[in-house]
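Notes follow the structure.
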Amino acid sequence: MSNTLGTQKKKFRMIHVYTLLVLMICIAGIMTYIVPAGAFDRVDINGRSGVVPGTFHFIEQQPVDIFGWFTAIGQGFVDSAAIIAGVFIFVAGIGVYMETDIFNKAIFKAMKVLGDKGEKAVMIVLMIFFAVLGGFTGNITPELAFVPMTIGLASALGYDTMTGVIMVLFPTFTGFATGPLNPYTVYVAQSVAELPSFSGMLPRTICWVVMCAISMAFVFIYAAKVKKDPSCALGDFNAEAAGKDELSAKYNSVKLTGRDWILLLGFLATVVWLILGAAIYDYSFNQYTAIFIISGIFAGIAGGFNETEICQLFIKYGSDLYFGAMCIALARAIYVIFTEGAICDTVVYAMSLPLQHLPPMLSAIGMLIFQTVLNFFVNSGSGQAMVSMPIMAPLADVLGVTRQTAVSAFQFGDGLSNLIWPTSSTVFAYLAMANLRYDKYLKIAVPLFAVLSILAVIFVAGAQLVGFGPF
């Protein structure tokens with residue numbers, strides 16, 4: 001008998017995400033030797049650095065040496081310090097609420113009131129909430145704080161941890177990518193393009209509703225598939241979670257006490273504070289972090305914990321996030337190398353050249369593709385707007401593309417690709433909440449990205465066809 005072990009095909013194994021990101025760091029470093037360094041002249045535009053069209057020029061090569069590839073990782077930690085600190089503190093602050101069991105009590109109480117459709121109704125309400133936060137505040141990181149709650153909900157309802165994560169991630173990221181009032185993409189891009197602020201509201205709102213509904217449908221399709229066949233799960237099942245019927249019996253027999261209502265009002269106040277901070281006060285990331293520290297302390301006091309227990313809860317819920325913090329730093333290191341090697345502007349310039357030879361409708365679609373690829377290198381909404389829109393706006397005039405259409409191409413290209421690009425460090429922060437593998441996440445994220453990208457192409461082509469304006 002032949003040795004079956006010798007003839008058996010080796011099962012494909014995806015490399016560890018750390019390995020993948022380090023390989024990309026090395027590729028970025030090699031590119032600084034190959035891609036010519038270049039720069040645009042820049043001017044200050046409303047407090048932001050804007051590119052002056054037509055001023056691209058090559059400069060002295062600035063290759064990043066091998067040692068620099070790895071010092072970029074440390075710089076990635078420094079540059080991402082606010083985000084990494086936020087990830088730890090968001091989870092810890094909301095974790096204090098979770099320790100009081102208030103979310104389970106409130107969710108199952110709502111399901112009892114809503115009846116047989118309660119499970120889906122609660123999920124829909126939560127996802128609409130995340131879509132609104134992403135689309136109208138332009139923030140996709142503070143929502144990380146809600147992931148432990150949705151993971152707990154998913155586990156209680158018989159779903160896996162991936163369901164809990166994408167319940168927040170998909171509507172939040174889609175809302176950000178299509179939101180009509182996104183201050184970090186729409187407002188900045190329209191300002192650079194000299195368009196009226198938040199103009200084109202109705203078409204953008206329709207697009208936001210349609211695409212967010214599709215992202216929610218993907219969550220429900222995946223959740224139903226997992227419940228029907230657990231072997232299809234891309235995440236884990238919480239072995240400690242009780243069954244839905246057992247939990248329902250437990251929580252439906254418990255009335256919300258005065259302390260429970262105080263905790264719920266405190267959590268609601270936290271959400272309102274987050275929205276006001278984004279929409280009115282233009283809070284920095286550190287200020288969002290402060291909100292969750294204050295809210296977590298409040299929850300601890302309202303929940304009846306002493307000061308030692310509150311500190312221990314912050315440690316308990318924030319201690320398992322090294323994996324995500326490292327992913328964030330590694331992803332940021334890639335951009336650090338592109339910047340230190342002075343090749344970002346060269347990439348932008350080279351990618352814009354082919355668009356000059358296309359008909360208007362194809363040029364508009366080409367702008368969408370350009371922005372999607374560019375977001376791999378410049379993974380920042382406002383940053384990408386300031387780098388590319390000073391070029392895209394006048395280029396749109398030359399190509400016969402309306403500037404409003406160019407803004408839409410930018411918004412979709414920048415936002416939708418955040419779902420899949422490994423340089424999108426925030427994605428890894430979400431996955432880290434449940435120690436989910438990036439390759440498994442892509443199995444559901446790539447199909448959603450493909451569907452939404454097709455709709456984006458249709459919208460951009462239609463916008464150009466009807467002369468989406470005012471100009």
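If you're wondering about the labels, chains in the structure tokens are A, B, ... by order shown, residues count from 1 in each chain, ligands from 1 in order shown.
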query = Which polymer residues have any atom within 10 Å of an atom of Phe298 of chain A, counting only C-alpha atoms, with same-chain residues fewer than 6 positions away left out, as an MDAnalysis selection string?
reply = chainID A and resid 93 96:97 262:263 266:267 292 310
Selection export as a compact mmCIF listing (two decimals), in the first residue's frame, atoms kept: C-alpha atoms:
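Once written, out-v9.txt looks like this:
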```txt
# COMPACT_ATOMS: atom_id res chain seq x y z
CA GLY A 93 -15.36 51.56 28.42
CA VAL A 96 -18.01 48.00 31.89
CA TYR A 97 -21.58 48.35 30.59
CA ILE A 262 -29.68 54.88 34.58
CA LEU A 263 -27.17 52.70 32.73
CA GLY A 266 -25.83 56.85 30.35
CA PHE A 267 -25.13 54.75 27.26
CA PHE A 292 -15.40 56.45 26.64
CA ILE A 310 -13.78 49.37 37.74
```
inquiry  = I need the residue nearest Pro171 of chain A from this list: A:Gly158, A:Gly54, A:Gly415, A:Gly258. Use only C-alpha atoms for the distance.
reply    =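 Among A:Gly158, A:Gly54, A:Gly415, A:Gly258, it is A:Gly415 that comes nearest to Pro171 of chain A.
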Neighbour list for Ile343 of chain A as a PyMOL selection string, cut-off 10 Å, only C-alpha atoms, skip fewer than 2 positions in-chain = chain A and resi 28+31-39+58-59+61-63+337-341+345-349+377
Give me the residues within 6 Å of segment 350-365 of chain A as a PDB file with C-alpha atoms, in the first residue's frame, counting only C-alpha atoms and dropping any in the same chain fewer than 3 places off.
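Result file follows (out.pdb):
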```pdb
ATOM      1  CA  VAL A 347       1.778  57.293  -7.977  1.00  0.00           C
ATOM      2  CA  LEU A 368     -13.591  55.767  -9.665  1.00  0.00           C
ATOM      3  CA  LEU A 399     -12.376  65.744 -19.861  1.00  0.00           C
ATOM      4  CA  GLY A 400     -15.941  67.071 -19.833  1.00  0.00           C
ATOM      5  CA  VAL A 401     -16.796  65.330 -16.550  1.00  0.00           C
ATOM      6  CA  ALA A 461     -21.909  56.682 -15.163  1.00  0.00           C
TER       7      ALA A 461
END
```
key: atom CA of Asp236 of chain A to atom CA of Thr161 of chain A, straight-line distance in Å   =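 Separating atom CA of Thr161 of chain A from atom CA of Asp236 of chain A is a distance of 5.4 Å.
Here atom CA of Thr141 of chain A and atom CA of Gly86 of chain A stand 8.2 Å from one another.
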message = With distances taken over only C-alpha atoms, which residue among A:Ala121, A:Val460, A:Ile420, A:Ile454 lies nearest Leu442 of chain A?
response = A:Ile420
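Considering only C-alpha atoms, the residue among A:Thr423, A:Leu452, A:Ala385, A:Lys255 positioned nearest to Val210 of chain A is A:Leu452.
Of the listed residues A:Leu274, A:Gly138, A:Phe129, A:Ser453, the one whose atoms come nearest to Val188 of chain A is A:Gly138, with distances taken using only C-alpha atoms.
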request  = Have a look at A:Val272, A:Cys26, A:Cys311, A:Ala72 and name the one nearest to Gly95 of chain A; count only C-alpha atoms.
outcome  = A:Cys311
task = Extract, using only C-alpha atoms, all DNA, RNA and protein residues at most 10 Å from Ala145 of chain A, discarding same-chain residues fewer than 2 positions from it, and format them as a list in words.
result = Gly86, Val87, Phe88, Ile89, Phe90, Val91, Ala92, Gly93, Ile94, Gly95, Thr141, Pro142, Glu143, Val147, Pro148, Met149, Thr150, Val168, Phe292, Tyr430 and Met433 of chain A
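Counting only C-alpha atoms and comparing A:Thr402, A:Asn182, A:Ser388, A:Ser425, the residue that lies closest to Phe40 of chain A is A:Ser388.
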ask   = Do you know which residues are at most 6 Å from Gly175 of chain A counting only C-alpha atoms, after dropping those on the same chain fewer than 2 positions away, and could you put them as a PyMOL selection string?
value = chain A and resi 131+134-135+171-173+177-179
message = Please list as number ranges by chain every residue within 12 Å of Ala463 of chain A, counting only C-alpha atoms and excluding residues in the same chain fewer than 3 positions away.
response = A: 200, 203-204, 207, 360-362, 364-365, 401-409, 455-460, 466-471
Residues as selected, N, CA, C and O atoms, written as a tab-separated table (two decimals), in the first residue's frame, can you do that?
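File produced: out_37.tsv:
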```tsv
chain	number	residue	atom	x	y	z
A	200	GLY	N	-25.96	68.26	-4.06
A	200	GLY	CA	-26.27	66.94	-4.59
A	200	GLY	C	-26.79	65.99	-3.54
A	200	GLY	O	-26.61	64.77	-3.62
A	203	PRO	N	-29.62	62.81	-4.59
A	203	PRO	CA	-29.08	61.60	-5.21
A	203	PRO	C	-28.14	60.83	-4.28
A	203	PRO	O	-28.14	59.60	-4.27
A	204	ARG	N	-27.34	61.56	-3.51
A	204	ARG	CA	-26.41	60.89	-2.60
A	204	ARG	C	-27.16	60.14	-1.50
A	204	ARG	O	-26.76	59.05	-1.09
A	207	CYS	N	-28.56	56.93	-2.90
A	207	CYS	CA	-27.46	55.98	-3.05
A	207	CYS	C	-27.08	55.40	-1.69
A	207	CYS	O	-26.84	54.19	-1.55
A	360	PRO	N	-15.84	61.13	-21.87
A	360	PRO	CA	-16.30	61.60	-20.55
A	360	PRO	C	-16.86	60.51	-19.63
A	360	PRO	O	-16.47	60.44	-18.47
A	361	MET	N	-17.77	59.65	-20.13
A	361	MET	CA	-18.37	58.65	-19.24
A	361	MET	C	-17.33	57.65	-18.77
A	361	MET	O	-17.28	57.30	-17.58
A	362	LEU	N	-16.47	57.20	-19.68
A	362	LEU	CA	-15.42	56.27	-19.29
A	362	LEU	C	-14.40	56.96	-18.39
A	362	LEU	O	-13.81	56.33	-17.50
A	364	ALA	N	-15.12	59.22	-16.18
A	364	ALA	CA	-15.74	59.24	-14.85
A	364	ALA	C	-15.54	57.90	-14.15
A	364	ALA	O	-15.20	57.83	-12.97
A	365	ILE	N	-15.77	56.80	-14.90
A	365	ILE	CA	-15.56	55.47	-14.33
A	365	ILE	C	-14.07	55.26	-14.03
A	365	ILE	O	-13.71	54.67	-13.01
A	401	VAL	N	-16.12	65.99	-17.66
A	401	VAL	CA	-16.80	65.33	-16.55
A	401	VAL	C	-17.21	66.39	-15.54
A	401	VAL	O	-16.42	67.30	-15.23
A	402	THR	N	-18.44	66.32	-15.03
A	402	THR	CA	-18.84	67.32	-14.05
A	402	THR	C	-18.04	67.12	-12.75
A	402	THR	O	-17.70	66.00	-12.38
A	403	ARG	N	-17.76	68.20	-12.08
A	403	ARG	CA	-16.99	68.11	-10.84
A	403	ARG	C	-17.76	67.35	-9.77
A	403	ARG	O	-17.17	66.67	-8.93
A	404	GLN	N	-19.08	67.47	-9.79
A	404	GLN	CA	-19.89	66.73	-8.81
A	404	GLN	C	-19.73	65.23	-9.03
A	404	GLN	O	-19.68	64.46	-8.06
A	405	THR	N	-19.66	64.81	-10.28
A	405	THR	CA	-19.44	63.41	-10.59
A	405	THR	C	-18.06	62.97	-10.12
A	405	THR	O	-17.89	61.87	-9.59
A	406	ALA	N	-17.07	63.85	-10.31
A	406	ALA	CA	-15.71	63.54	-9.86
A	406	ALA	C	-15.67	63.36	-8.35
A	406	ALA	O	-14.95	62.49	-7.83
A	407	VAL	N	-16.44	64.16	-7.62
A	407	VAL	CA	-16.51	64.02	-6.16
A	407	VAL	C	-17.12	62.67	-5.79
A	407	VAL	O	-16.66	61.99	-4.86
A	408	SER	N	-18.17	62.26	-6.50
A	408	SER	CA	-18.79	60.97	-6.23
A	408	SER	C	-17.82	59.83	-6.51
A	408	SER	O	-17.74	58.85	-5.75
A	409	ALA	N	-17.06	59.94	-7.60
A	409	ALA	CA	-16.07	58.92	-7.93
A	409	ALA	C	-15.03	58.83	-6.82
A	409	ALA	O	-14.61	57.72	-6.43
A	455	LEU	N	-22.58	48.91	-8.37
A	455	LEU	CA	-23.57	49.98	-8.18
A	455	LEU	C	-22.91	51.35	-8.25
A	455	LEU	O	-23.48	52.31	-8.79
A	456	ALA	N	-21.69	51.46	-7.71
A	456	ALA	CA	-20.96	52.74	-7.78
A	456	ALA	C	-20.66	53.12	-9.23
A	456	ALA	O	-20.78	54.29	-9.61
A	457	VAL	N	-20.26	52.13	-10.02
A	457	VAL	CA	-20.00	52.39	-11.44
A	457	VAL	C	-21.27	52.88	-12.14
A	457	VAL	O	-21.24	53.84	-12.91
A	458	ILE	N	-22.39	52.22	-11.83
A	458	ILE	CA	-23.66	52.62	-12.44
A	458	ILE	C	-24.04	54.04	-12.02
A	458	ILE	O	-24.47	54.85	-12.85
A	459	PHE	N	-23.86	54.35	-10.74
A	459	PHE	CA	-24.20	55.69	-10.25
A	459	PHE	C	-23.31	56.74	-10.89
A	459	PHE	O	-23.80	57.80	-11.33
A	460	VAL	N	-22.02	56.49	-10.95
A	460	VAL	CA	-21.09	57.47	-11.52
A	460	VAL	C	-21.37	57.67	-13.01
A	460	VAL	O	-21.38	58.81	-13.50
A	466	VAL	N	-26.43	62.37	-16.84
A	466	VAL	CA	-27.47	63.38	-16.60
A	466	VAL	C	-26.85	64.74	-16.25
A	466	VAL	O	-27.58	65.71	-15.99
A	467	GLY	N	-25.54	64.82	-16.23
A	467	GLY	CA	-24.89	66.09	-15.91
A	467	GLY	C	-25.03	66.47	-14.46
A	467	GLY	O	-25.33	67.63	-14.12
A	468	PHE	N	-24.78	65.53	-13.56
A	468	PHE	CA	-24.89	65.75	-12.11
A	468	PHE	C	-24.07	66.98	-11.73
A	468	PHE	O	-22.89	67.05	-11.95
A	469	GLY	N	-24.73	67.98	-11.17
A	469	GLY	CA	-24.06	69.24	-10.93
A	469	GLY	C	-24.28	69.80	-9.56
A	469	GLY	O	-24.49	69.05	-8.62
A	470	PRO	N	-24.16	71.10	-9.40
A	470	PRO	CA	-24.43	72.15	-10.39
A	470	PRO	C	-23.42	72.30	-11.52
A	470	PRO	O	-23.69	72.93	-12.53
A	471	PHE	N	-22.23	71.77	-11.34
A	471	PHE	CA	-21.27	71.80	-12.47
A	471	PHE	C	-20.24	70.72	-12.22
A	471	PHE	O	-20.14	70.15	-11.16
```
Expected answer as a PyMOL selection string: helix (DSSP H, G or I) residues in segment 190-296 of chain A = chain A and resi 190-192+201-228+230-232+244-252+258-279+285-296
